[in-house]
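Structure below is structure-v3.cif: mmCIF, C-alpha atoms.
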```
data_structure
loop_
_atom_site.group_PDB
_atom_site.id
_atom_site.type_symbol
_atom_site.label_atom_id
_atom_site.label_comp_id
_atom_site.auth_asym_id
_atom_site.auth_seq_id
_atom_site.Cartn_x
_atom_site.Cartn_y
_atom_site.Cartn_z
ATOM 1 C CA MET A 1 71.365 88.373 54.622
ATOM 2 C CA ALA A 2 69.854 91.631 53.390
ATOM 3 C CA ASP A 3 66.158 91.732 52.540
ATOM 4 C CA LEU A 4 65.861 92.131 48.766
ATOM 5 C CA THR A 5 62.060 92.393 48.654
ATOM 6 C CA THR A 6 61.132 95.229 46.311
ATOM 7 C CA GLN A 7 57.997 97.285 45.758
ATOM 8 C CA ILE A 8 57.656 99.059 42.383
ATOM 9 C CA GLY A 9 54.423 100.955 42.829
ATOM 10 C CA PRO A 10 51.761 98.217 42.998
ATOM 11 C CA ILE A 11 54.234 95.502 41.937
ATOM 12 C CA LYS A 12 55.825 93.425 44.715
ATOM 13 C CA LEU A 13 58.897 91.375 43.793
ATOM 14 C CA PRO A 14 61.235 89.074 45.770
ATOM 15 C CA ASN A 15 64.254 91.046 44.557
ATOM 16 C CA PRO A 16 64.971 94.175 42.476
ATOM 17 C CA VAL A 17 66.640 92.459 39.484
ATOM 18 C CA LEU A 18 64.625 92.104 36.277
ATOM 19 C CA ALA A 19 65.691 90.497 33.003
ATOM 20 C CA ALA A 20 65.470 93.277 30.421
ATOM 21 C CA SER A 21 63.344 93.149 27.301
ATOM 22 C CA GLY A 22 65.023 92.316 24.020
ATOM 23 C CA THR A 23 68.072 90.531 25.369
ATOM 24 C CA PHE A 24 66.218 87.773 27.237
ATOM 25 C CA GLY A 25 63.931 86.695 24.406
ATOM 26 C CA TYR A 26 60.634 85.393 25.715
ATOM 27 C CA GLY A 27 62.392 83.993 28.783
ATOM 28 C CA LEU A 28 61.982 80.387 27.667
ATOM 29 C CA GLU A 29 65.250 80.526 25.727
ATOM 30 C CA PHE A 30 66.982 80.642 29.129
ATOM 31 C CA GLU A 31 65.033 77.980 31.023
ATOM 32 C CA ASP A 32 67.839 75.398 30.591
ATOM 33 C CA PHE A 33 70.349 77.792 32.156
ATOM 34 C CA VAL A 34 68.527 79.540 34.980
ATOM 35 C CA ASP A 35 65.543 79.129 37.286
ATOM 36 C CA LEU A 36 63.274 81.902 35.998
ATOM 37 C CA SER A 37 61.358 82.015 39.275
ATOM 38 C CA ARG A 38 64.477 83.310 41.052
ATOM 39 C CA ILE A 39 64.627 86.453 38.903
ATOM 40 C CA GLY A 40 62.604 89.402 40.203
ATOM 41 C CA ALA A 41 60.666 89.477 36.919
ATOM 42 C CA VAL A 42 61.181 88.601 33.271
ATOM 43 C CA VAL A 43 60.441 91.431 30.824
ATOM 44 C CA VAL A 44 59.759 89.643 27.560
ATOM 45 C CA LYS A 45 60.775 90.687 24.060
ATOM 46 C CA GLY A 46 58.695 93.602 22.770
ATOM 47 C CA LEU A 47 55.349 92.482 21.355
ATOM 48 C CA SER A 48 53.181 94.053 18.679
ATOM 49 C CA LEU A 49 49.597 93.251 17.701
ATOM 50 C CA GLU A 50 50.734 91.223 14.693
ATOM 51 C CA PRO A 51 54.034 89.398 13.999
ATOM 52 C CA TRP A 52 56.812 91.733 12.898
ATOM 53 C CA GLY A 53 59.827 90.743 10.819
ATOM 54 C CA GLY A 54 62.272 93.400 11.953
ATOM 55 C CA ASN A 55 65.199 94.820 10.005
ATOM 56 C CA ARG A 56 67.328 93.143 7.371
ATOM 57 C CA PRO A 57 70.695 91.655 8.472
ATOM 58 C CA PRO A 58 73.359 92.144 9.631
ATOM 59 C CA ARG A 59 71.549 93.071 12.853
ATOM 60 C CA VAL A 60 74.109 92.713 15.656
ATOM 61 C CA ILE A 61 77.739 93.792 15.911
ATOM 62 C CA GLU A 62 80.166 93.877 18.834
ATOM 63 C CA THR A 63 81.683 97.247 19.722
ATOM 64 C CA ALA A 64 84.217 98.440 22.269
ATOM 65 C CA SER A 65 82.650 97.706 25.675
ATOM 66 C CA GLY A 66 79.270 96.919 24.188
ATOM 67 C CA MET A 67 77.220 95.999 21.164
ATOM 68 C CA LEU A 68 75.050 97.571 18.485
ATOM 69 C CA ASN A 69 71.777 95.929 17.529
ATOM 70 C CA SER A 70 69.363 96.698 14.726
ATOM 71 C CA ILE A 71 66.865 93.903 15.325
ATOM 72 C CA GLY A 72 63.980 96.219 14.528
ATOM 73 C CA LEU A 73 61.563 94.882 17.149
ATOM 74 C CA GLN A 74 61.118 91.476 15.472
ATOM 75 C CA ASN A 75 58.520 89.461 17.375
ATOM 76 C CA ILE A 76 55.924 86.698 17.053
ATOM 77 C CA GLY A 77 52.914 88.887 17.833
ATOM 78 C CA MET A 78 50.557 88.866 20.783
ATOM 79 C CA ALA A 79 48.434 85.843 19.811
ATOM 80 C CA ALA A 80 51.410 83.503 19.392
ATOM 81 C CA PHE A 81 52.934 84.731 22.641
ATOM 82 C CA ALA A 82 49.702 84.103 24.528
ATOM 83 C CA ALA A 83 49.315 80.614 23.063
ATOM 84 C CA ASP A 84 52.893 79.371 22.836
ATOM 85 C CA LYS A 85 54.985 81.223 25.440
ATOM 86 C CA LEU A 86 52.925 82.502 28.349
ATOM 87 C CA PRO A 87 51.559 79.127 29.556
ATOM 88 C CA ARG A 88 55.078 77.716 29.925
ATOM 89 C CA LEU A 89 56.316 80.866 31.652
ATOM 90 C CA ARG A 90 53.517 80.439 34.191
ATOM 91 C CA GLU A 91 54.492 76.780 34.702
ATOM 92 C CA LEU A 92 58.064 77.842 35.446
ATOM 93 C CA GLY A 93 56.937 80.348 38.062
ATOM 94 C CA ALA A 94 58.224 83.391 36.205
ATOM 95 C CA ARG A 95 56.802 86.797 37.072
ATOM 96 C CA VAL A 96 56.075 88.138 33.598
ATOM 97 C CA ILE A 97 56.106 91.730 32.406
ATOM 98 C CA VAL A 98 55.278 92.280 28.727
ATOM 99 C CA ASN A 99 57.129 94.978 26.832
ATOM 100 C CA PHE A 100 54.947 96.157 23.944
ATOM 101 C CA TRP A 101 54.857 98.705 21.138
ATOM 102 C CA GLY A 102 52.740 100.022 18.300
ATOM 103 C CA GLU A 103 52.926 102.337 15.327
ATOM 104 C CA THR A 104 50.094 104.562 16.548
ATOM 105 C CA THR A 105 48.582 105.589 19.871
ATOM 106 C CA GLU A 106 45.524 103.515 18.994
ATOM 107 C CA GLN A 107 47.638 100.406 18.462
ATOM 108 C CA TYR A 108 49.344 100.887 21.829
ATOM 109 C CA ALA A 109 45.980 101.208 23.563
ATOM 110 C CA GLU A 110 44.423 98.247 21.764
ATOM 111 C CA LEU A 111 47.369 95.987 22.552
ATOM 112 C CA ALA A 112 47.443 97.081 26.188
ATOM 113 C CA GLY A 113 43.759 96.279 26.502
ATOM 114 C CA ARG A 114 44.157 92.830 24.974
ATOM 115 C CA LEU A 115 47.222 92.030 27.070
ATOM 116 C CA GLY A 116 45.268 93.014 30.155
ATOM 117 C CA GLU A 117 42.896 90.126 29.458
ATOM 118 C CA LEU A 118 45.679 87.518 29.677
ATOM 119 C CA GLU A 119 46.227 85.501 32.822
ATOM 120 C CA GLY A 120 49.659 85.566 34.419
ATOM 121 C CA LEU A 121 51.030 89.049 33.690
ATOM 122 C CA ILE A 122 52.111 91.259 36.584
ATOM 123 C CA ALA A 123 52.664 94.449 34.557
ATOM 124 C CA LEU A 124 53.134 96.003 31.130
ATOM 125 C CA GLU A 125 56.120 98.003 29.881
ATOM 126 C CA ALA A 126 55.334 100.425 27.052
ATOM 127 C CA ASN A 127 58.297 100.934 24.729
ATOM 128 C CA ILE A 128 57.844 104.519 23.523
ATOM 129 C CA SER A 129 60.892 104.680 21.257
ATOM 130 C CA CYS A 130 59.131 103.462 18.111
ATOM 131 C CA PRO A 131 58.549 105.652 15.029
ATOM 132 C CA ASN A 132 55.282 107.554 15.107
ATOM 133 C CA HIS A 133 54.166 107.552 11.490
ATOM 134 C CA GLU A 134 51.238 109.814 12.285
ATOM 135 C CA ARG A 135 53.628 112.633 13.207
ATOM 136 C CA GLY A 136 56.151 112.528 10.434
ATOM 137 C CA GLY A 137 58.379 109.776 11.776
ATOM 138 C CA ILE A 138 59.432 111.377 15.065
ATOM 139 C CA HIS A 139 59.778 109.088 18.042
ATOM 140 C CA PHE A 140 57.026 108.800 20.614
ATOM 141 C CA GLY A 141 59.536 109.162 23.417
ATOM 142 C CA THR A 142 61.113 112.479 22.441
ATOM 143 C CA ASP A 143 58.158 114.834 22.918
ATOM 144 C CA PRO A 144 56.587 115.353 26.376
ATOM 145 C CA GLY A 145 53.141 116.051 24.957
ATOM 146 C CA THR A 146 53.149 112.860 22.915
ATOM 147 C CA VAL A 147 54.445 110.860 25.876
ATOM 148 C CA ARG A 148 51.675 112.200 28.105
ATOM 149 C CA GLU A 149 48.995 111.507 25.485
ATOM 150 C CA LEU A 150 50.213 107.981 24.734
ATOM 151 C CA THR A 151 50.620 107.048 28.391
ATOM 152 C CA ALA A 152 47.125 108.311 29.188
ATOM 153 C CA ALA A 153 45.630 106.271 26.342
ATOM 154 C CA VAL A 154 47.368 103.115 27.524
ATOM 155 C CA ARG A 155 46.469 103.814 31.146
ATOM 156 C CA LYS A 156 42.802 104.067 30.163
ATOM 157 C CA ALA A 157 42.969 100.774 28.270
ATOM 158 C CA THR A 158 44.308 98.517 31.038
ATOM 159 C CA ALA A 159 44.190 98.035 34.788
ATOM 160 C CA LEU A 160 47.588 96.303 34.842
ATOM 161 C CA PRO A 161 50.487 98.219 36.417
ATOM 162 C CA LEU A 162 52.103 100.332 33.702
ATOM 163 C CA ILE A 163 55.805 100.981 33.249
ATOM 164 C CA VAL A 164 56.881 103.400 30.511
ATOM 165 C CA LYS A 165 60.314 102.733 28.993
ATOM 166 C CA LEU A 166 62.053 105.981 28.119
ATOM 167 C CA SER A 167 64.403 106.810 25.265
ATOM 168 C CA PRO A 168 67.805 108.319 26.129
ATOM 169 C CA ASN A 169 67.978 110.040 22.757
ATOM 170 C CA VAL A 170 66.660 113.333 24.125
ATOM 171 C CA THR A 171 68.219 116.563 25.323
ATOM 172 C CA ASP A 172 66.611 116.405 28.777
ATOM 173 C CA ILE A 173 65.055 113.254 30.234
ATOM 174 C CA ARG A 174 63.265 115.061 33.070
ATOM 175 C CA PRO A 175 60.263 116.523 31.183
ATOM 176 C CA ILE A 176 59.810 113.166 29.441
ATOM 177 C CA ALA A 177 59.693 111.302 32.755
ATOM 178 C CA ILE A 178 57.325 113.892 34.217
ATOM 179 C CA ALA A 179 55.014 113.544 31.203
ATOM 180 C CA ALA A 180 54.852 109.764 31.693
ATOM 181 C CA GLN A 181 53.970 110.309 35.345
ATOM 182 C CA GLU A 182 51.277 112.834 34.433
ATOM 183 C CA GLY A 183 49.853 110.380 31.899
ATOM 184 C CA GLY A 184 49.319 107.784 34.608
ATOM 185 C CA ALA A 185 52.424 105.573 34.551
ATOM 186 C CA ASP A 186 53.073 103.572 37.715
ATOM 187 C CA ALA A 187 56.835 103.626 37.006
ATOM 188 C CA VAL A 188 59.363 104.561 34.338
ATOM 189 C CA SER A 189 62.290 102.475 33.134
ATOM 190 C CA LEU A 190 65.467 103.815 31.557
ATOM 191 C CA ILE A 191 67.606 103.916 29.634
ATOM 192 C CA ASN A 192 66.825 102.253 26.348
ATOM 193 C CA THR A 193 69.722 101.956 23.908
ATOM 194 C CA LEU A 194 71.628 104.958 22.564
ATOM 195 C CA THR A 195 71.504 105.438 18.798
ATOM 196 C CA GLY A 196 74.848 104.498 17.249
ATOM 197 C CA MET A 197 76.476 103.444 14.010
ATOM 198 C CA ALA A 198 79.318 101.253 12.741
ATOM 199 C CA VAL A 199 80.947 101.511 9.307
ATOM 200 C CA ASP A 200 83.254 99.343 7.207
ATOM 201 C CA LEU A 201 86.245 101.249 5.884
ATOM 202 C CA GLU A 202 86.980 98.930 2.958
ATOM 203 C CA SER A 203 83.455 98.750 1.547
ATOM 204 C CA ARG A 204 82.600 102.271 2.699
ATOM 205 C CA ARG A 205 79.212 101.033 3.844
ATOM 206 C CA PRO A 206 77.370 100.807 7.160
ATOM 207 C CA VAL A 207 77.901 97.487 8.921
ATOM 208 C CA LEU A 208 74.297 97.105 10.090
ATOM 209 C CA GLY A 209 71.534 96.357 7.614
ATOM 210 C CA GLY A 210 69.433 99.032 9.279
ATOM 211 C CA VAL A 211 72.358 101.503 9.057
ATOM 212 C CA THR A 212 72.018 102.712 12.669
ATOM 213 C CA GLY A 213 71.338 100.641 15.759
ATOM 214 C CA GLY A 214 71.043 100.707 19.526
ATOM 215 C CA LEU A 215 74.225 100.803 21.601
ATOM 216 C CA SER A 216 74.101 98.818 24.850
ATOM 217 C CA GLY A 217 76.493 97.258 27.348
ATOM 218 C CA PRO A 218 79.083 98.702 29.764
ATOM 219 C CA ALA A 219 79.872 101.565 27.376
ATOM 220 C CA ILE A 220 76.572 103.297 28.174
ATOM 221 C CA LYS A 221 76.594 102.898 31.962
ATOM 222 C CA PRO A 222 77.807 106.450 32.796
ATOM 223 C CA VAL A 223 75.098 107.964 30.589
ATOM 224 C CA ALA A 224 72.479 105.668 32.090
ATOM 225 C CA LEU A 225 73.463 106.521 35.663
ATOM 226 C CA ARG A 226 73.199 110.229 34.935
ATOM 227 C CA MET A 227 69.785 109.913 33.324
ATOM 228 C CA VAL A 228 68.404 107.679 36.072
ATOM 229 C CA TRP A 229 69.610 110.205 38.657
ATOM 230 C CA GLU A 230 67.919 113.040 36.745
ATOM 231 C CA ALA A 231 64.654 111.155 36.262
ATOM 232 C CA ALA A 232 64.497 109.994 39.877
ATOM 233 C CA GLY A 233 64.893 113.569 41.022
ATOM 234 C CA ALA A 234 62.084 114.764 38.764
ATOM 235 C CA VAL A 235 59.275 112.261 39.438
ATOM 236 C CA GLU A 236 57.503 110.754 42.422
ATOM 237 C CA ILE A 237 56.853 107.354 40.823
ATOM 238 C CA PRO A 238 59.473 104.568 40.970
ATOM 239 C CA VAL A 239 62.340 104.498 38.478
ATOM 240 C CA ILE A 240 63.768 101.247 37.111
ATOM 241 C CA GLY A 241 67.375 101.686 36.005
ATOM 242 C CA MET A 242 69.262 99.887 33.261
ATOM 243 C CA GLY A 243 72.224 100.369 30.972
ATOM 244 C CA GLY A 244 75.499 98.500 31.281
ATOM 245 C CA ILE A 245 74.717 96.601 34.484
ATOM 246 C CA ALA A 246 77.015 93.586 34.719
ATOM 247 C CA THR A 247 77.659 93.160 38.469
ATOM 248 C CA GLY A 248 75.876 93.505 41.769
ATOM 249 C CA ARG A 249 77.814 96.663 42.514
ATOM 250 C CA ASP A 250 76.646 98.134 39.194
ATOM 251 C CA ALA A 251 73.064 97.437 40.220
ATOM 252 C CA LEU A 252 73.514 99.053 43.632
ATOM 253 C CA GLU A 253 75.026 102.150 42.019
ATOM 254 C CA PHE A 254 71.827 102.600 40.008
ATOM 255 C CA MET A 255 69.768 102.200 43.156
ATOM 256 C CA MET A 256 71.986 104.658 45.015
ATOM 257 C CA VAL A 257 71.214 107.349 42.418
ATOM 258 C CA GLY A 258 67.481 106.736 42.773
ATOM 259 C CA ALA A 259 66.389 103.527 41.032
ATOM 260 C CA THR A 260 63.995 101.290 42.952
ATOM 261 C CA ALA A 261 64.905 98.282 40.791
ATOM 262 C CA VAL A 262 67.149 97.451 37.843
ATOM 263 C CA GLN A 263 67.050 95.552 34.579
ATOM 264 C CA VAL A 264 69.921 93.426 33.267
ATOM 265 C CA GLY A 265 70.239 93.165 29.507
ATOM 266 C CA THR A 266 73.381 92.798 27.419
ATOM 267 C CA ALA A 267 75.240 90.997 30.232
ATOM 268 C CA THR A 268 73.069 87.920 29.629
ATOM 269 C CA PHE A 269 74.678 87.388 26.209
ATOM 270 C CA ALA A 270 78.016 86.637 27.876
ATOM 271 C CA ASP A 271 76.511 85.038 30.984
ATOM 272 C CA PRO A 272 72.952 83.662 30.702
ATOM 273 C CA SER A 273 72.763 83.410 34.482
ATOM 274 C CA ALA A 274 73.821 87.048 34.989
ATOM 275 C CA PRO A 275 70.568 88.107 36.726
ATOM 276 C CA ILE A 276 70.921 85.348 39.337
ATOM 277 C CA ARG A 277 74.612 86.107 39.869
ATOM 278 C CA ILE A 278 73.875 89.823 40.221
ATOM 279 C CA ILE A 279 71.200 89.117 42.848
ATOM 280 C CA ALA A 280 73.766 87.183 44.921
ATOM 281 C CA GLU A 281 76.413 89.869 44.442
ATOM 282 C CA MET A 282 73.969 92.574 45.525
ATOM 283 C CA SER A 283 73.134 90.656 48.682
ATOM 284 C CA ALA A 284 76.815 90.196 49.534
ATOM 285 C CA ALA A 285 77.610 93.861 48.871
ATOM 286 C CA LEU A 286 74.700 95.032 51.034
ATOM 287 C CA ASP A 287 76.004 92.857 53.869
ATOM 288 C CA GLU A 288 79.463 94.425 53.459
ATOM 289 C CA LEU A 289 77.896 97.880 53.609
ATOM 290 C CA GLY A 290 76.032 96.977 56.780
ATOM 291 C CA LEU A 291 72.600 97.466 55.187
ATOM 292 C CA LYS A 292 69.649 95.269 56.105
ATOM 293 C CA SER A 293 67.621 95.793 52.934
ATOM 294 C CA ALA A 294 68.082 96.845 49.325
ATOM 295 C CA SER A 295 65.614 99.678 49.826
ATOM 296 C CA GLU A 296 67.987 101.349 52.297
ATOM 297 C CA ILE A 297 70.389 102.336 49.533
ATOM 298 C CA VAL A 298 67.800 103.845 47.164
ATOM 299 C CA GLY A 299 68.455 107.540 46.534
ATOM 300 C CA THR A 300 71.251 107.847 49.103
ATOM 301 C CA ILE A 301 73.825 109.494 46.848
ATOM 302 C CA GLN A 302 75.390 112.514 48.519
ATOM 303 C CA ARG A 303 76.665 115.683 46.861
#
```
How would this structure read if it were set down as structure tokens?
Amino acid sequence: MADLTTQIGPIKLPNPVLAASGTFGYGLEFEDFVDLSRIGAVVVKGLSLEPWGGNRPPRVIETASGMLNSIGLQNIGMAAFAADKLPRLRELGARVIVNFWGETTEQYAELAGRLGELEGLIALEANISCPNHERGGIHFGTDPGTVRELTAAVRKATALPLIVKLSPNVTDIRPIAIAAQEGGADAVSLINTLTGMAVDLESRRPVLGGVTGGLSGPAIKPVALRMVWEAAGAVEIPVIGMGGIATGRDALEFMMVGATAVQVGTATFADPSAPIRIIAEMSAALDELGLKSASEIVGTIQR
């Protein structure tokens, strides 16, 4: 069997498949369905300093080959996560990465510092697609200068390995990825959801309570592959790919275009054990390809 051991900068994992933030809750929602210790790592639902209620419903709708969500980053806050979720995750042997966000650079840095004091985290993932109220409502992740500044502030606040999750809603992902690298990120992950919208013809109103939402699932895979390929060619730090991964072959395609590891998100709604299944499918496909390790396929796409 192929060796699936994966190194993402300073992070060593038994395999390159991570459960993506947002779609896997806090991980504990899936403990009756899957052995969390078998997943490379669990990236928990995005945390903020204080509990956050999110957007008004409806918040999820199925689309052709995917789904739109307008959850609005609802979460229980850092303190409740540390007290009520993290101890059980440690008991289950999960390797935990915390996705986190803030409304200002200072909030990001403060939260990163406080998370760094918790026992049992292997890394942080900064979600930089949140509105930046200090700069007129633009997104943190769409301006290279802001990305560099924010990443540097977070890097200064914590010694934990830092992954920066990039927004696909930009003209060119390469300067954004480079800015994260320059700010001190140990890795970048992409893509987050694509902004989309659904409308109701009869009522002539948006379907989602938040009007627009994030498109995920198989529909976005071609866009995700392209952006991962571009980012991997622009930076020297590892790239974690995601966006429409539903099979082991999907995962290996992302690695072939340059990803060191992958995250599985929307697929877990249809199949809670998708990450475990994908790990097995990757191993079988690598054997068929005559490869001895997952790392052998990283960045091997030919033109």
Between stretch 91-208 of chain A and stretch 236-239 of chain A, at 7 Å or less, what are the per-residue closest atom pairs and their distances in Å? Count only C-alpha atoms, order by chain and rising residue number, and return it as a tab-separated table.
```
residue	atom	partner	partner_atom	distance
A:Gln181	CA	A:Ile237	CA	6.9
A:Asp186	CA	A:Ile237	CA	6.2
A:Ala187	CA	A:Pro238	CA	4.9
A:Val188	CA	A:Val239	CA	5.1
A:Ser189	CA	A:Val239	CA	5.7
```
Name the residues within 8 Å of (72.1, 103.0, 17.6), counting all atoms listed in the file in the file's coordinates, and put them as a PDB file with C-alpha atoms, in the coordinates of the input.
```
ATOM      1  CA  LEU A  68      75.050  97.571  18.485  1.00  0.00           C
ATOM      2  CA  ASN A  69      71.777  95.929  17.529  1.00  0.00           C
ATOM      3  CA  SER A  70      69.363  96.698  14.726  1.00  0.00           C
ATOM      4  CA  THR A 193      69.722 101.956  23.908  1.00  0.00           C
ATOM      5  CA  LEU A 194      71.628 104.958  22.564  1.00  0.00           C
ATOM      6  CA  THR A 195      71.504 105.438  18.798  1.00  0.00           C
ATOM      7  CA  GLY A 196      74.848 104.498  17.249  1.00  0.00           C
ATOM      8  CA  MET A 197      76.476 103.444  14.010  1.00  0.00           C
ATOM      9  CA  THR A 212      72.018 102.712  12.669  1.00  0.00           C
ATOM     10  CA  GLY A 213      71.338 100.641  15.759  1.00  0.00           C
ATOM     11  CA  GLY A 214      71.043 100.707  19.526  1.00  0.00           C
ATOM     12  CA  LEU A 215      74.225 100.803  21.601  1.00  0.00           C
TER      13      LEU A 215
END
```
Expanded to explicit residues, what is the PyMOL selection byres ((chain A and resi 10-26) around 6) for this file, as a PDB file with C-alpha atoms, in the coordinates of the input?
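In the end it all went to result-v7.pdb:
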```pdb
ATOM      1  CA  LEU A   4      65.861  92.131  48.766  1.00  0.00           C
ATOM      2  CA  THR A   5      62.060  92.393  48.654  1.00  0.00           C
ATOM      3  CA  THR A   6      61.132  95.229  46.311  1.00  0.00           C
ATOM      4  CA  GLN A   7      57.997  97.285  45.758  1.00  0.00           C
ATOM      5  CA  ILE A   8      57.656  99.059  42.383  1.00  0.00           C
ATOM      6  CA  GLY A   9      54.423 100.955  42.829  1.00  0.00           C
ATOM      7  CA  GLY A  27      62.392  83.993  28.783  1.00  0.00           C
ATOM      8  CA  LEU A  28      61.982  80.387  27.667  1.00  0.00           C
ATOM      9  CA  GLY A  40      62.604  89.402  40.203  1.00  0.00           C
ATOM     10  CA  ALA A  41      60.666  89.477  36.919  1.00  0.00           C
ATOM     11  CA  VAL A  42      61.181  88.601  33.271  1.00  0.00           C
ATOM     12  CA  VAL A  43      60.441  91.431  30.824  1.00  0.00           C
ATOM     13  CA  VAL A  44      59.759  89.643  27.560  1.00  0.00           C
ATOM     14  CA  LYS A  45      60.775  90.687  24.060  1.00  0.00           C
ATOM     15  CA  ALA A 261      64.905  98.282  40.791  1.00  0.00           C
ATOM     16  CA  VAL A 262      67.149  97.451  37.843  1.00  0.00           C
ATOM     17  CA  GLN A 263      67.050  95.552  34.579  1.00  0.00           C
ATOM     18  CA  VAL A 264      69.921  93.426  33.267  1.00  0.00           C
ATOM     19  CA  GLY A 265      70.239  93.165  29.507  1.00  0.00           C
TER      20      GLY A 265
END
```
Do you have, as CSV, the list of residues of stretch 200-281 of chain A lying at most 9 Å from stretch 154-177 of chain A, each with its nearest atom pair and that distance in Å to one decimal, counting all atoms listed in the file and ordered by chain then number?
```
residue,atom,partner,partner_atom,distance
A:Val223,CA,A:Pro168,CA,8.6
A:Ala224,CA,A:Pro168,CA,8.0
A:Met227,CA,A:Ile173,CA,6.6
A:Val228,CA,A:Ile173,CA,8.7
A:Glu230,CA,A:Arg174,CA,6.3
A:Ala231,CA,A:Arg174,CA,5.2
A:Ala232,CA,A:Arg174,CA,8.6
A:Gly233,CA,A:Arg174,CA,8.3
A:Ala234,CA,A:Arg174,CA,5.8
A:Val235,CA,A:Ala177,CA,6.8
A:Ile240,CA,A:Ile163,CA,8.9
```
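For the file at hand, the PyMOL selection byres ((chain A and resi 150) around 9) resolves to Thr104, Thr105, Glu106, Tyr108, Ala109, Ile128, Phe140, Gly145, Thr146, Val147, Arg148, Glu149, Thr151, Ala152, Ala153, Val154, Arg155, Ala180 and Gly183 of chain A.
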Stretch 23-114 of chain A residues near stretch 273-284 of chain A within 9 Å, closest pair each, using all atoms listed in the file, as CSV:
```
residue,atom,partner,partner_atom,distance
A:Phe30,CA,A:Ser273,CA,8.4
A:Phe33,CA,A:Ser273,CA,6.5
A:Val34,CA,A:Ser273,CA,5.8
A:Asp35,CA,A:Ile276,CA,8.5
A:Arg38,CA,A:Ile276,CA,7.0
A:Ile39,CA,A:Ile276,CA,6.4
A:Gly40,CA,A:Pro275,CA,8.8
```
Box for stretch 256-269 of chain A: with edges along x, y and z, all listed atoms inside and 8 Å added on each side, what are the centre and edge lengths in Å to one decimal, as lines of an AutoDock Vina configuration file?
```
center_x = 69.6
center_y = 97.4
center_z = 35.6
size_x = 27.2
size_y = 36.0
size_z = 34.8
```
Dump of stretch 231-260 of chain A from preceding block, C-alpha atoms, as a CSV table (one decimal), in the first residue's frame:
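Result written to out_31.csv:
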```csv
chain,number,residue,atom,x,y,z
A,231,ALA,CA,-1.3,29.3,-6.3
A,232,ALA,CA,1.0,26.3,-6.2
A,233,GLY,CA,3.1,27.8,-9.0
A,234,ALA,CA,3.4,31.1,-7.3
A,235,VAL,CA,4.4,30.2,-3.7
A,236,GLU,CA,7.0,28.1,-2.0
A,237,ILE,CA,4.9,27.1,1.0
A,238,PRO,CA,2.5,24.1,0.9
A,239,VAL,CA,-1.0,24.5,-0.7
A,240,ILE,CA,-4.0,22.7,0.6
A,241,GLY,CA,-6.6,22.2,-2.1
A,242,MET,CA,-10.4,22.0,-1.8
A,243,GLY,CA,-13.5,22.5,-3.8
A,244,GLY,CA,-15.8,19.8,-5.1
A,245,ILE,CA,-13.7,16.8,-3.9
A,246,ALA,CA,-15.9,13.7,-3.7
A,247,THR,CA,-13.6,10.8,-4.6
A,248,GLY,CA,-10.1,9.7,-4.1
A,249,ARG,CA,-9.3,10.5,-7.8
A,250,ASP,CA,-10.6,14.0,-7.2
A,251,ALA,CA,-8.2,14.4,-4.3
A,252,LEU,CA,-5.3,13.1,-6.4
A,253,GLU,CA,-6.1,15.5,-9.2
A,254,PHE,CA,-5.7,18.4,-6.7
A,255,MET,CA,-2.4,17.0,-5.6
A,256,MET,CA,-1.2,16.5,-9.2
A,257,VAL,CA,-1.7,20.2,-9.9
A,258,GLY,CA,0.3,21.1,-6.8
A,259,ALA,CA,-1.6,20.6,-3.6
A,260,THR,CA,0.3,18.9,-0.7
```
